[in-house]
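Raw query.pdb, PDB, C-alpha atoms:
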ATOM      1  CA  MET Q   1     -74.384  64.060  -8.699
ATOM      2  CA  TYR Q   2     -74.405  60.298  -9.013
ATOM      3  CA  LYS Q   3     -77.840  58.694  -8.756
ATOM      4  CA  LEU Q   4     -77.093  54.996  -9.304
ATOM      5  CA  VAL Q   5     -74.247  52.686  -8.288
ATOM      6  CA  ALA Q   6     -73.872  49.358 -10.107
ATOM      7  CA  ILE Q   7     -71.728  46.877  -8.184
ATOM      8  CA  ASP Q   8     -70.335  43.526  -9.273
ATOM      9  CA  LEU Q   9     -70.334  40.745  -6.668
ATOM     10  CA  ASP Q  10     -67.442  38.261  -6.890
ATOM     11  CA  GLY Q  11     -64.090  39.972  -6.536
ATOM     12  CA  THR Q  12     -65.779  43.325  -5.918
ATOM     13  CA  LEU Q  13     -68.452  43.552  -3.213
ATOM     14  CA  LEU Q  14     -67.576  40.078  -1.901
ATOM     15  CA  ASP Q  15     -64.212  39.327  -0.309
ATOM     16  CA  SER Q  16     -62.129  36.276  -1.216
ATOM     17  CA  TYR Q  17     -64.305  34.105   1.036
ATOM     18  CA  GLY Q  18     -67.507  35.225  -0.656
ATOM     19  CA  GLN Q  19     -68.610  37.462   2.226
ATOM     20  CA  ILE Q  20     -69.716  41.113   2.419
ATOM     21  CA  SER Q  21     -67.742  43.104   4.996
ATOM     22  CA  GLU Q  22     -69.560  45.241   7.536
ATOM     23  CA  ASN Q  23     -67.996  48.396   6.060
ATOM     24  CA  ASN Q  24     -69.266  47.566   2.574
ATOM     25  CA  LYS Q  25     -72.656  46.623   3.952
ATOM     26  CA  ASN Q  26     -73.046  49.829   5.953
ATOM     27  CA  ALA Q  27     -71.859  52.043   3.083
ATOM     28  CA  VAL Q  28     -74.419  50.560   0.706
ATOM     29  CA  LYS Q  29     -77.214  50.891   3.256
ATOM     30  CA  ASP Q  30     -76.280  54.533   3.878
ATOM     31  CA  ALA Q  31     -76.289  55.227   0.128
ATOM     32  CA  VAL Q  32     -79.732  53.632  -0.243
ATOM     33  CA  ASN Q  33     -81.057  55.651   2.717
ATOM     34  CA  LYS Q  34     -79.746  58.790   1.016
ATOM     35  CA  GLY Q  35     -81.868  57.988  -2.044
ATOM     36  CA  THR Q  36     -79.184  56.540  -4.333
ATOM     37  CA  LYS Q  37     -80.163  53.509  -6.374
ATOM     38  CA  VAL Q  38     -77.780  50.613  -5.704
ATOM     39  CA  VAL Q  39     -77.915  47.761  -8.207
ATOM     40  CA  ILE Q  40     -75.967  44.515  -8.021
ATOM     41  CA  ALA Q  41     -74.671  43.672 -11.519
ATOM     42  CA  SER Q  42     -73.403  40.100 -11.449
ATOM     43  CA  GLY Q  43     -72.844  36.990 -13.489
ATOM     44  CA  ARG Q  44     -74.790  35.056 -10.865
ATOM     45  CA  GLY Q  45     -78.406  33.926 -11.123
ATOM     46  CA  VAL Q  46     -81.404  35.713  -9.630
ATOM     47  CA  MET Q  47     -81.678  33.664  -6.413
ATOM     48  CA  SER Q  48     -78.004  34.072  -5.533
ATOM     49  CA  VAL Q  49     -78.071  37.808  -6.265
ATOM     50  CA  LYS Q  50     -81.308  38.261  -4.319
ATOM     51  CA  ASN Q  51     -79.737  36.875  -1.146
ATOM     52  CA  PHE Q  52     -76.913  39.422  -1.266
ATOM     53  CA  ALA Q  53     -79.239  42.252  -2.311
ATOM     54  CA  ASN Q  54     -81.396  41.645   0.756
ATOM     55  CA  GLU Q  55     -78.299  41.548   2.953
ATOM     56  CA  ILE Q  56     -77.263  45.071   1.915
ATOM     57  CA  GLY Q  57     -80.722  46.560   1.433
ATOM     58  CA  ALA Q  58     -80.292  47.030  -2.338
ATOM     59  CA  ASN Q  59     -83.467  45.164  -3.184
ATOM     60  CA  GLU Q  60     -85.147  47.149  -5.946
ATOM     61  CA  TYR Q  61     -83.454  45.917  -9.122
ATOM     62  CA  ALA Q  62     -80.551  43.682 -10.124
ATOM     63  CA  VAL Q  63     -78.656  42.786 -13.268
ATOM     64  CA  CYS Q  64     -78.031  39.024 -13.373
ATOM     65  CA  GLY Q  65     -76.354  36.517 -15.675
ATOM     66  CA  ASN Q  66     -73.837  39.080 -16.989
ATOM     67  CA  GLY Q  67     -76.659  41.235 -18.305
ATOM     68  CA  ALA Q  68     -78.958  38.487 -19.557
ATOM     69  CA  VAL Q  69     -81.586  39.565 -17.011
ATOM     70  CA  VAL Q  70     -82.814  42.694 -15.255
ATOM     71  CA  TYR Q  71     -84.890  41.624 -12.270
ATOM     72  CA  ASP Q  72     -87.462  43.688 -10.359
ATOM     73  CA  PHE Q  73     -87.431  42.474  -6.754
ATOM     74  CA  LYS Q  74     -90.588  44.279  -5.724
ATOM     75  CA  GLN Q  75     -92.621  42.839  -8.592
ATOM     76  CA  GLU Q  76     -90.667  39.553  -8.419
ATOM     77  CA  SER Q  77     -90.404  39.491 -12.186
ATOM     78  CA  ILE Q  78     -87.953  39.729 -15.064
ATOM     79  CA  ILE Q  79     -88.358  43.068 -16.861
ATOM     80  CA  TYR Q  80     -85.597  42.545 -19.436
ATOM     81  CA  ASP Q  81     -83.952  39.418 -20.831
ATOM     82  CA  LYS Q  82     -81.392  38.326 -23.410
ATOM     83  CA  PHE Q  83     -81.368  34.560 -22.922
ATOM     84  CA  LEU Q  84     -79.421  32.008 -24.938
ATOM     85  CA  SER Q  85     -81.794  29.835 -26.966
ATOM     86  CA  GLN Q  86     -82.058  26.132 -26.260
ATOM     87  CA  LYS Q  87     -80.804  25.425 -29.793
ATOM     88  CA  LYS Q  88     -77.694  27.542 -29.185
ATOM     89  CA  VAL Q  89     -77.043  25.917 -25.793
ATOM     90  CA  LEU Q  90     -77.226  22.435 -27.327
ATOM     91  CA  GLN Q  91     -74.791  23.502 -30.054
ATOM     92  CA  LEU Q  92     -72.326  24.770 -27.435
ATOM     93  CA  ILE Q  93     -72.688  21.611 -25.334
ATOM     94  CA  LYS Q  94     -71.612  19.537 -28.327
ATOM     95  CA  ILE Q  95     -68.472  21.631 -28.790
ATOM     96  CA  CYS Q  96     -67.554  21.288 -25.112
ATOM     97  CA  GLU Q  97     -68.156  17.548 -25.129
ATOM     98  CA  GLU Q  98     -66.126  17.018 -28.303
ATOM     99  CA  ASN Q  99     -63.203  18.893 -26.705
ATOM    100  CA  SER Q 100     -63.476  17.199 -23.273
ATOM    101  CA  ILE Q 101     -63.699  20.566 -21.508
ATOM    102  CA  TYR Q 102     -65.409  21.240 -18.153
ATOM    103  CA  TYR Q 103     -68.479  23.427 -18.512
ATOM    104  CA  SER Q 104     -71.556  24.456 -16.549
ATOM    105  CA  ILE Q 105     -74.805  26.000 -17.731
ATOM    106  CA  TYR Q 106     -76.527  28.787 -15.834
ATOM    107  CA  THR Q 107     -80.229  29.523 -15.810
ATOM    108  CA  GLN Q 108     -81.814  32.374 -13.879
ATOM    109  CA  ASN Q 109     -81.996  30.233 -10.721
ATOM    110  CA  SER Q 110     -79.839  27.137 -11.207
ATOM    111  CA  ILE Q 111     -76.547  25.673 -12.425
ATOM    112  CA  ILE Q 112     -76.361  22.508 -14.529
ATOM    113  CA  ALA Q 113     -73.102  20.523 -14.472
ATOM    114  CA  LYS Q 114     -71.678  17.018 -14.564
ATOM    115  CA  THR Q 115     -69.600  17.252 -11.389
ATOM    116  CA  LEU Q 116     -68.856  19.558  -8.467
ATOM    117  CA  ASN Q 117     -65.702  21.212  -9.747
ATOM    118  CA  TYR Q 118     -64.177  24.688 -10.239
ATOM    119  CA  ASN Q 119     -66.893  27.375 -10.034
ATOM    120  CA  VAL Q 120     -69.635  24.851  -9.242
ATOM    121  CA  LEU Q 121     -67.669  23.555  -6.257
ATOM    122  CA  PHE Q 122     -67.516  27.097  -4.882
ATOM    123  CA  TYR Q 123     -71.305  27.488  -5.159
ATOM    124  CA  HIS Q 124     -71.760  24.094  -3.501
ATOM    125  CA  GLN Q 125     -69.585  25.164  -0.584
ATOM    126  CA  GLU Q 126     -71.431  28.491  -0.362
ATOM    127  CA  ASN Q 127     -74.723  26.577  -0.113
ATOM    128  CA  ALA Q 128     -73.491  24.791   3.008
ATOM    129  CA  SER Q 129     -73.918  27.951   5.090
ATOM    130  CA  LYS Q 130     -77.332  28.900   3.673
ATOM    131  CA  PRO Q 131     -80.865  27.780   4.617
ATOM    132  CA  ASP Q 132     -82.705  25.711   1.999
ATOM    133  CA  GLY Q 133     -84.740  28.619   0.644
ATOM    134  CA  LYS Q 134     -81.590  30.607  -0.166
ATOM    135  CA  LYS Q 135     -79.382  27.952  -1.737
ATOM    136  CA  THR Q 136     -78.307  28.060  -5.382
ATOM    137  CA  ASN Q 137     -79.944  25.101  -7.082
ATOM    138  CA  ILE Q 138     -77.184  22.863  -8.489
ATOM    139  CA  CYS Q 139     -78.285  20.103 -10.838
ATOM    140  CA  ILE Q 140     -75.683  17.365 -11.355
ATOM    141  CA  THR Q 141     -76.371  15.144 -14.363
ATOM    142  CA  GLU Q 142     -74.195  12.829 -16.433
ATOM    143  CA  ASP Q 143     -75.936  13.699 -19.711
ATOM    144  CA  ILE Q 144     -76.272  17.477 -19.861
ATOM    145  CA  TYR Q 145     -77.290  17.455 -23.526
ATOM    146  CA  GLN Q 146     -80.282  15.203 -22.856
ATOM    147  CA  TYR Q 147     -81.181  17.156 -19.715
ATOM    148  CA  VAL Q 148     -81.302  20.459 -21.626
ATOM    149  CA  LEU Q 149     -83.127  18.819 -24.541
ATOM    150  CA  ASN Q 150     -85.898  17.650 -22.191
ATOM    151  CA  ARG Q 151     -86.044  20.813 -20.100
ATOM    152  CA  LYS Q 152     -89.156  22.962 -20.703
ATOM    153  CA  GLU Q 153     -87.745  26.302 -19.521
ATOM    154  CA  THR Q 154     -85.581  28.390 -21.862
ATOM    155  CA  ASP Q 155     -84.024  30.779 -19.323
ATOM    156  CA  TYR Q 156     -80.350  30.092 -20.142
ATOM    157  CA  THR Q 157     -78.225  33.060 -19.116
ATOM    158  CA  LYS Q 158     -74.670  31.853 -19.774
ATOM    159  CA  ILE Q 159     -72.279  28.934 -20.111
ATOM    160  CA  THR Q 160     -69.041  28.922 -18.144
ATOM    161  CA  ILE Q 161     -66.016  26.924 -19.318
ATOM    162  CA  CYS Q 162     -63.266  26.135 -16.806
ATOM    163  CA  ASP Q 163     -59.897  24.390 -16.826
ATOM    164  CA  ASP Q 164     -56.543  24.348 -15.030
ATOM    165  CA  ILE Q 165     -54.804  25.646 -18.150
ATOM    166  CA  ILE Q 166     -55.680  28.240 -20.802
ATOM    167  CA  PHE Q 167     -57.852  26.659 -23.500
ATOM    168  CA  ASN Q 168     -57.119  28.652 -26.639
ATOM    169  CA  SER Q 169     -58.085  25.838 -29.035
ATOM    170  CA  ILE Q 170     -61.711  25.645 -27.920
ATOM    171  CA  ILE Q 171     -61.996  29.436 -27.824
ATOM    172  CA  LYS Q 172     -61.288  29.532 -31.565
ATOM    173  CA  LYS Q 173     -64.072  27.015 -32.203
ATOM    174  CA  LEU Q 174     -66.510  28.900 -30.001
ATOM    175  CA  ARG Q 175     -65.831  32.154 -31.839
ATOM    176  CA  GLU Q 176     -67.044  30.511 -35.037
ATOM    177  CA  VAL Q 177     -70.525  30.171 -33.514
ATOM    178  CA  LYS Q 178     -72.797  33.032 -34.526
ATOM    179  CA  GLY Q 179     -75.037  34.912 -32.106
ATOM    180  CA  ILE Q 180     -72.888  34.591 -28.977
ATOM    181  CA  ASP Q 181     -70.236  36.546 -27.073
ATOM    182  CA  VAL Q 182     -67.164  34.791 -25.649
ATOM    183  CA  LEU Q 183     -65.405  36.743 -22.917
ATOM    184  CA  ASP Q 184     -61.637  37.292 -23.245
ATOM    185  CA  VAL Q 185     -60.608  36.340 -19.704
ATOM    186  CA  GLY Q 186     -56.823  36.484 -19.572
ATOM    187  CA  HIS Q 187     -56.115  35.746 -15.912
ATOM    188  CA  MET Q 188     -56.740  32.999 -13.377
ATOM    189  CA  SER Q 189     -59.724  33.099 -11.016
ATOM    190  CA  ARG Q 190     -58.913  32.407  -7.379
ATOM    191  CA  LYS Q 191     -61.427  31.837  -4.588
ATOM    192  CA  LEU Q 192     -60.960  30.719  -0.996
ATOM    193  CA  MET Q 193     -63.076  28.216   0.915
ATOM    194  CA  LYS Q 194     -63.111  27.534   4.630
ATOM    195  CA  LEU Q 195     -63.417  23.813   5.382
ATOM    196  CA  GLY Q 196     -63.378  23.479   9.141
ATOM    197  CA  THR Q 197     -60.151  25.036  10.320
ATOM    198  CA  GLU Q 198     -58.469  24.736   6.927
ATOM    199  CA  ILE Q 199     -58.512  27.181   4.023
ATOM    200  CA  HIS Q 200     -58.602  25.757   0.501
ATOM    201  CA  SER Q 201     -57.979  27.706  -2.682
ATOM    202  CA  ILE Q 202     -59.865  27.091  -5.941
ATOM    203  CA  GLU Q 203     -57.902  28.350  -8.938
ATOM    204  CA  TYR Q 204     -58.850  27.993 -12.578
ATOM    205  CA  PHE Q 205     -58.946  29.696 -15.953
ATOM    206  CA  TYR Q 206     -62.389  30.291 -17.367
ATOM    207  CA  THR Q 207     -64.446  32.019 -19.990
ATOM    208  CA  GLU Q 208     -68.149  32.820 -20.171
ATOM    209  CA  ILE Q 209     -70.501  32.593 -23.142
ATOM    210  CA  THR Q 210     -73.653  34.700 -23.400
ATOM    211  CA  ASN Q 211     -76.111  35.885 -26.000
ATOM    212  CA  GLU Q 212     -74.311  38.385 -28.263
ATOM    213  CA  ASN Q 213     -76.538  41.205 -26.966
ATOM    214  CA  ALA Q 214     -76.186  40.320 -23.290
ATOM    215  CA  ASN Q 215     -73.768  42.444 -21.296
ATOM    216  CA  LYS Q 216     -73.964  44.414 -18.093
ATOM    217  CA  TRP Q 217     -74.063  47.838 -19.730
ATOM    218  CA  ASN Q 218     -76.911  47.019 -22.136
ATOM    219  CA  ALA Q 219     -78.925  45.801 -19.159
ATOM    220  CA  LEU Q 220     -78.019  48.853 -17.083
ATOM    221  CA  GLU Q 221     -78.835  51.162 -19.987
ATOM    222  CA  PHE Q 222     -82.323  49.660 -20.164
ATOM    223  CA  LEU Q 223     -82.732  50.183 -16.410
ATOM    224  CA  ILE Q 224     -81.488  53.785 -16.250
ATOM    225  CA  GLN Q 225     -83.734  54.743 -19.157
ATOM    226  CA  LYS Q 226     -86.635  53.264 -17.223
ATOM    227  CA  LEU Q 227     -85.597  55.245 -14.122
ATOM    228  CA  GLY Q 228     -84.860  58.495 -15.978
ATOM    229  CA  ILE Q 229     -81.164  58.487 -15.060
ATOM    230  CA  GLU Q 230     -78.377  59.652 -17.389
ATOM    231  CA  LYS Q 231     -75.296  57.495 -17.870
ATOM    232  CA  GLU Q 232     -73.145  60.344 -16.506
ATOM    233  CA  GLU Q 233     -75.013  59.861 -13.210
ATOM    234  CA  VAL Q 234     -73.948  56.212 -12.911
ATOM    235  CA  ILE Q 235     -71.006  54.722 -10.993
ATOM    236  CA  ALA Q 236     -69.995  51.202 -12.039
ATOM    237  CA  ILE Q 237     -67.650  49.104  -9.880
ATOM    238  CA  GLY Q 238     -66.119  45.821 -11.043
ATOM    239  CA  ASP Q 239     -63.038  43.642 -11.283
ATOM    240  CA  ASN Q 240     -63.305  41.482 -14.380
ATOM    241  CA  VAL Q 241     -63.716  41.514 -18.154
ATOM    242  CA  ASN Q 242     -67.474  40.924 -17.850
ATOM    243  CA  ASP Q 243     -67.559  44.380 -16.218
ATOM    244  CA  GLN Q 244     -65.829  46.062 -19.158
ATOM    245  CA  THR Q 245     -68.931  47.479 -20.847
ATOM    246  CA  MET Q 246     -70.209  49.156 -17.690
ATOM    247  CA  LEU Q 247     -66.756  50.385 -16.622
ATOM    248  CA  GLU Q 248     -66.279  52.062 -20.000
ATOM    249  CA  ASN Q 249     -69.773  53.523 -20.369
ATOM    250  CA  ALA Q 250     -70.726  54.673 -16.863
ATOM    251  CA  GLY Q 251     -70.112  58.228 -15.736
ATOM    252  CA  LEU Q 252     -67.499  56.868 -13.344
ATOM    253  CA  GLY Q 253     -65.961  53.447 -13.989
ATOM    254  CA  VAL Q 254     -64.171  51.997 -10.956
ATOM    255  CA  ALA Q 255     -61.883  48.952 -11.032
ATOM    256  CA  MET Q 256     -60.791  47.027  -7.965
ATOM    257  CA  ALA Q 257     -57.111  46.894  -6.956
ATOM    258  CA  ASN Q 258     -57.326  43.080  -7.061
ATOM    259  CA  SER Q 259     -58.307  43.125 -10.736
ATOM    260  CA  ALA Q 260     -55.782  42.481 -13.509
ATOM    261  CA  PRO Q 261     -53.872  45.505 -14.901
ATOM    262  CA  TYR Q 262     -55.736  45.332 -18.218
ATOM    263  CA  ILE Q 263     -59.050  45.574 -16.327
ATOM    264  CA  GLN Q 264     -57.822  48.598 -14.392
ATOM    265  CA  GLN Q 265     -57.012  50.341 -17.678
ATOM    266  CA  MET Q 266     -60.689  50.121 -18.643
ATOM    267  CA  ALA Q 267     -61.763  52.238 -15.670
ATOM    268  CA  ASN Q 268     -61.535  55.914 -14.722
ATOM    269  CA  ILE Q 269     -60.163  55.151 -11.261
ATOM    270  CA  VAL Q 270     -58.918  52.216  -9.188
ATOM    271  CA  THR Q 271     -60.135  51.670  -5.633
ATOM    272  CA  GLU Q 272     -58.843  49.384  -2.865
ATOM    273  CA  SER Q 273     -59.156  45.606  -3.200
ATOM    274  CA  ASN Q 274     -62.215  43.515  -2.389
ATOM    275  CA  ASN Q 275     -60.524  42.499   0.874
ATOM    276  CA  GLU Q 276     -59.941  46.138   1.825
ATOM    277  CA  ASP Q 277     -63.497  47.528   1.518
ATOM    278  CA  GLY Q 278     -62.862  49.083  -1.891
ATOM    279  CA  VAL Q 279     -66.591  49.418  -2.591
ATOM    280  CA  ALA Q 280     -67.210  51.246   0.686
ATOM    281  CA  LYS Q 281     -64.417  53.703  -0.050
ATOM    282  CA  VAL Q 282     -65.957  54.621  -3.427
ATOM    283  CA  ILE Q 283     -69.427  55.074  -1.964
ATOM    284  CA  GLU Q 284     -68.124  57.154   0.939
ATOM    285  CA  LYS Q 285     -66.163  59.464  -1.378
ATOM    286  CA  TYR Q 286     -68.596  59.917  -4.265
ATOM    287  CA  ILE Q 287     -72.014  59.381  -2.646
ATOM    288  CA  LEU Q 288     -71.923  59.966   1.101
ATOM    289  CA  GLU Q 289     -69.552  62.940   1.174
TER     290      GLU Q 289
END
Could you show the structure in this file as structure tokens?
Amino acid sequence: MYKLVAIDLDGTLLDSYGQISENNKNAVKDAVNKGTKVVIASGRGVMSVKNFANEIGANEYAVCGNGAVVYDFKQESIIYDKFLSQKKVLQLIKICEENSIYYSIYTQNSIIAKTLNYNVLFYHQENASKPDGKKTNICITEDIYQYVLNRKETDYTKITICDDIIFNSIIKKLREVKGIDVLDVGHMSRKLMKLGTEIHSIEYFYTEITNENANKWNALEFLIQKLGIEKEEVIAIGDNVNDQTMLENAGLGVAMANSAPYIQQMANIVTESNNEDGVAKVIEKYILE
């Protein structure tokens, strides 16, 4: 019997417009009411994840920042963290600046960037439909290095690098930096935004940099040990390379039909796409039935 379901957000629980369908929402709520632990496991920060967790009633724990944080919603506290150090972040900023590459820095509750572009533009658009208390804090600054240098907090979860083309040259330089993980993302990200009556597509290649010990499975392993759950009792659902560790280690690893073929090979099974209630279908089959 499965006791915990870990669900990625973008490309998995959320559709291409960044919304949770009613079928997905109801399936999660039914699973929670049955006593199953449902945990969002996302690359997003705590505030963004919290909004979605409340929407589906999965508001006990969450894995955020690609496994940099395990957050306890009831205690409103971080119970596990694998942050990037300020020194490491500054080192990575220099590499990005020297290579004229677009990057953004994530903390547990904010995004730091120079301009509203790529992934940051999507968060900005998402904020437009949210009340002030639920928006993702986006800090736009011309001098990111100086901003980070002067910042007192050290809650850096990840750095995301984006471009219109694959950036193999900078990846090689990043891999020379010790103490970090650089994700091997081999396909283009595509998100849709509604602007009035028009639909705009944001497409870009990207990679994400985290602490070398930060990944979704390490964070989930900490949580299931705390809850007394075996890994064989865990279902993990995801669509991207940052889901690899949990897809390969959970009792049942589930990839989305919209994920790349190499992601699907990491999983035990493939469900329907994020626009076809793939998450709901897994929960209905393996939890509710």
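When atom CA of Q:Asn109 is paired with atom CA of Q:Gly45, their separation reads 5.2 Å.
For the set Q:Gly11, Q:His124, Q:Glu142, Q:Asn66, the residue with the smallest atom-to-atom gap to Q:Ala260 is Q:Gly11, counting only C-alpha atoms.
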Give the padded box for stretch 121-125 of chain Q as JSON: axis-aligned, covering all atoms listed in the file, 8 Å on each side, centre and edge lengths in Å to one decimal.
{"center_x": -69.6, "center_y": 25.5, "center_z": -3.4, "size_x": 20.2, "size_y": 19.9, "size_z": 21.7}
Taking the file as I've supplied it (selection: the PyMOL selection byres ((chain Q and resi 54) around 12)), which residues are included? Please answer as JSON, numbers by chain.
{"Q": [20, 25, 28, 29, 38, 39, 40, 46, 47, 48, 49, 50, 51, 52, 53, 55, 56, 57, 58, 59, 60, 61, 62, 73, 74, 134]}
Mind running stretch 251-272 of chain Q against stretch 171-195 of chain Q at 12 Å and telling me each contacting residue's nearest atom pair with the distance in Å (one decimal), counting all atoms listed in the file, chain and number ascending, as a Markdown table?
| residue | atom | partner | partner_atom | distance |
| --- | --- | --- | --- | --- |
| Q:Asn258 | CA | Q:Arg190 | CA | 10.8 |
| Q:Ser259 | CA | Q:His187 | CA | 9.3 |
| Q:Ala260 | CA | Q:His187 | CA | 7.2 |
| Q:Pro261 | CA | Q:His187 | CA | 10.1 |
| Q:Tyr262 | CA | Q:Gly186 | CA | 9.0 |
| Q:Ile263 | CA | Q:Gly186 | CA | 9.9 |
Got a sec: who's within 10 Å of Q:Gly253, counting only C-alpha atoms, leaving out chain neighbours fewer than 2 positions off, as a list in words?
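So, after excluding close chain neighbours, the residues are Ala6, Val234, Ile235, Ala236, Ile237, Gly238, Asp243, Gln244, Thr245, Met246, Leu247, Glu248, Asn249, Ala250, Gly251, Ala255, Gln264, Met266, Ala267, Asn268, Ile269 and Val270 of chain Q.
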Save the residues we just selected, C-alpha atoms, as a tab-separated table (two decimals), in the coordinates of the input?
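So the final result, stored in part_36.tsv, reads:
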chain	number	residue	atom	x	y	z
Q	6	ALA	CA	-73.87	49.36	-10.11
Q	234	VAL	CA	-73.95	56.21	-12.91
Q	235	ILE	CA	-71.01	54.72	-10.99
Q	236	ALA	CA	-70.00	51.20	-12.04
Q	237	ILE	CA	-67.65	49.10	-9.88
Q	238	GLY	CA	-66.12	45.82	-11.04
Q	243	ASP	CA	-67.56	44.38	-16.22
Q	244	GLN	CA	-65.83	46.06	-19.16
Q	245	THR	CA	-68.93	47.48	-20.85
Q	246	MET	CA	-70.21	49.16	-17.69
Q	247	LEU	CA	-66.76	50.38	-16.62
Q	248	GLU	CA	-66.28	52.06	-20.00
Q	249	ASN	CA	-69.77	53.52	-20.37
Q	250	ALA	CA	-70.73	54.67	-16.86
Q	251	GLY	CA	-70.11	58.23	-15.74
Q	255	ALA	CA	-61.88	48.95	-11.03
Q	264	GLN	CA	-57.82	48.60	-14.39
Q	266	MET	CA	-60.69	50.12	-18.64
Q	267	ALA	CA	-61.76	52.24	-15.67
Q	268	ASN	CA	-61.54	55.91	-14.72
Q	269	ILE	CA	-60.16	55.15	-11.26
Q	270	VAL	CA	-58.92	52.22	-9.19
Determine the residue set returned by the PyMOL selection byres ((chain Q and resi 106) around 9) for the present structure, and present it as a PyMOL selection string.
chain Q and resi 44-45+65+104-105+107-112+155-160
Atom CA of Q:Ile229 sits from atom CA of Q:Asp30 at a separation of 20.0 Å
Any idea what's packed within 8 Å of Q:Tyr118, counting all atoms listed in the file, ignoring anything in its chain fewer than 2 positions away? Could you give it as a ChimeraX atom specification?
/Q:116,120-122,162-163,202-204
Please measure the separation of atom CA of Q:Tyr71 and atom CA of Q:Ser129, giving the value in Å to one decimal.
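Computing the Euclidean distance for atom CA of Q:Tyr71 and atom CA of Q:Ser129 yields 24.7 Å.
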Could you check which of Q:Tyr145, Q:Leu288, Q:Thr115, Q:Asn137 is closest to Q:Gln91, using only C-alpha atoms?
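The shortest atom-to-atom distance to Q:Gln91 comes from Q:Tyr145.
Among Q:Asn24, Q:Asp10, Q:Glu98, Q:Leu4, the residue with the shortest atom-to-atom distance to Q:Val279, counting all atoms listed in the file, is Q:Asn24.
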Given all atoms listed in the file as the basis, pick out the residue of Q:Ile93, Q:Ile224, Q:Leu14, Q:Ile199 nearest to Q:Tyr147.
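Of Q:Ile93, Q:Ile224, Q:Leu14, Q:Ile199, the one nearest Q:Tyr147, counting all atoms listed in the file, is Q:Ile93.
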For Q:Tyr2, which residue out of Q:Val89, Q:Glu232, Q:Glu153, Q:Asn33 is the nearest one, using only C-alpha atoms?
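Ranking Q:Val89, Q:Glu232, Q:Glu153, Q:Asn33 by distance to Q:Tyr2, first place goes to Q:Glu232.
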Using all atoms listed in the file, pick whichever of Q:Val254, Q:Val69, Q:Ile140, Q:Ile166 has the shortest atom-to-atom distance to Q:Asp8.
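Closest candidate: Q:Val254.
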Distance query 6 Å from (-70.9, 41.6, -11.9) using only C-alpha atoms, result as a VMD selection string
chain Q and resid 8 to 9 41 to 43
